[in-house]
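Some notes on the structure that comes next.
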Amino acid sequence: MSDSVGDVVDDPEVNGDSEDVKQIASKKEKTHDSVGVADLEKVTDYVEEKEISSQAISNAMAAIGSKKKAENMEKAEKEKELAKIKIRKDDVELIMSEMLVSKLEAERNLRLHRGDLIATLSALTN
């Protein structure tokens, strides 16, 4: 009962140097690590179950390519239709000066509105 302060400071159990304290800390680390490993296993198992075949990738790429080709053909057809529309040079110049747009943009917008100057100006202001 007459422990002096020096004896208490040198006591391994008080300072945390005992083997029991080290074992408890070691168990906590292992438990924490095992939980992390289990979570990692769940993720990798899920990914491994979902493999994509090369045939599926090829089919998807072919579908994307054909869709893109169809869109390009449709766009080219629309441009041909717009090119057939007659527009007046005076209307293009008026749109360019009033709306401060390029000649190409003025022509395109005028063709989109079938040569209607008022509809084109209204569309450009909105």
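Please note that chains go A, B, ... in the order of the structure tokens, that every chain numbers its residues from 1, and that ligands are numbered from 1 in the order shown.
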
Counting only C-alpha atoms, what is within 12 Å of stretch 116-119 of chain A, bar same-chain residues fewer than 3 positions away, as a tab-separated table (two decimals) with N, CA and C atoms, in the first residue's frame?
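Here's the written file selection.tsv:
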chain	number	residue	atom	x	y	z
A	85	ILE	N	-33.77	25.79	-101.03
A	85	ILE	CA	-34.62	26.96	-100.75
A	85	ILE	C	-33.95	28.22	-101.26
A	86	LYS	N	-34.70	28.99	-102.03
A	86	LYS	CA	-34.20	30.25	-102.60
A	86	LYS	C	-34.33	31.35	-101.56
A	87	ILE	N	-33.25	32.09	-101.38
A	87	ILE	CA	-33.27	33.23	-100.46
A	87	ILE	C	-32.75	34.46	-101.19
A	88	ARG	N	-33.18	35.61	-100.74
A	88	ARG	CA	-32.76	36.85	-101.38
A	88	ARG	C	-31.51	37.39	-100.70
A	89	LYS	N	-30.64	37.94	-101.52
A	89	LYS	CA	-29.38	38.49	-101.02
A	89	LYS	C	-29.64	39.68	-100.09
A	90	ASP	N	-30.66	40.48	-100.42
A	90	ASP	CA	-31.00	41.64	-99.59
A	90	ASP	C	-31.44	41.19	-98.18
A	91	ASP	N	-32.20	40.11	-98.12
A	91	ASP	CA	-32.64	39.59	-96.82
A	91	ASP	C	-31.45	39.14	-95.98
A	92	VAL	N	-30.49	38.47	-96.60
A	92	VAL	CA	-29.30	38.00	-95.89
A	92	VAL	C	-28.52	39.19	-95.34
A	93	GLU	N	-28.35	40.22	-96.16
A	93	GLU	CA	-27.61	41.40	-95.73
A	93	GLU	C	-28.33	42.14	-94.60
A	94	LEU	N	-29.66	42.18	-94.67
A	94	LEU	CA	-30.43	42.83	-93.61
A	94	LEU	C	-30.27	42.08	-92.28
A	95	ILE	N	-30.34	40.79	-92.34
A	95	ILE	CA	-30.18	39.97	-91.12
A	95	ILE	C	-28.77	40.15	-90.56
A	96	MET	N	-27.78	40.17	-91.45
A	96	MET	CA	-26.40	40.34	-91.00
A	96	MET	C	-26.21	41.68	-90.30
A	98	GLU	N	-28.59	43.79	-89.00
A	98	GLU	CA	-29.47	44.02	-87.84
A	98	GLU	C	-29.17	43.09	-86.66
A	106	ALA	N	-26.69	33.77	-91.09
A	106	ALA	CA	-27.88	34.47	-91.61
A	106	ALA	C	-28.55	33.63	-92.70
A	107	GLU	N	-27.75	33.08	-93.62
A	107	GLU	CA	-28.31	32.24	-94.68
A	107	GLU	C	-28.98	30.99	-94.11
A	108	ARG	N	-28.31	30.37	-93.17
A	108	ARG	CA	-28.86	29.13	-92.59
A	108	ARG	C	-30.19	29.39	-91.89
A	109	ASN	N	-30.24	30.44	-91.07
A	109	ASN	CA	-31.48	30.75	-90.37
A	109	ASN	C	-32.59	31.14	-91.33
A	110	LEU	N	-32.25	31.87	-92.36
A	110	LEU	CA	-33.25	32.25	-93.36
A	110	LEU	C	-33.78	31.01	-94.08
A	111	ARG	N	-32.91	30.07	-94.40
A	111	ARG	CA	-33.35	28.83	-95.06
A	111	ARG	C	-34.19	27.97	-94.11
A	112	LEU	N	-33.82	27.95	-92.84
A	112	LEU	CA	-34.61	27.18	-91.86
A	112	LEU	C	-36.04	27.69	-91.77
A	113	HIS	N	-36.22	28.98	-92.02
A	113	HIS	CA	-37.56	29.57	-91.96
A	113	HIS	C	-38.15	29.76	-93.35
A	122	SER	N	-37.61	37.19	-86.02
A	122	SER	CA	-38.26	36.87	-84.74
A	122	SER	C	-37.52	35.74	-84.02
A	123	ALA	N	-37.13	34.74	-84.76
A	123	ALA	CA	-36.43	33.61	-84.16
A	123	ALA	C	-35.06	34.02	-83.62
A	124	LEU	N	-34.37	34.89	-84.30
A	124	LEU	CA	-33.06	35.33	-83.87
A	124	LEU	C	-33.12	36.27	-82.66
A	125	THR	N	-34.22	36.99	-82.50
A	125	THR	CA	-34.35	37.89	-81.35
A	125	THR	C	-34.79	37.15	-80.10
A	126	ASN	N	-35.42	36.03	-80.27
A	126	ASN	CA	-35.89	35.26	-79.10
A	126	ASN	C	-34.86	34.34	-78.68

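If you look at atom CA of A:Ala70 and atom CA of A:Gly115, they are 27.6 Å away from each other.
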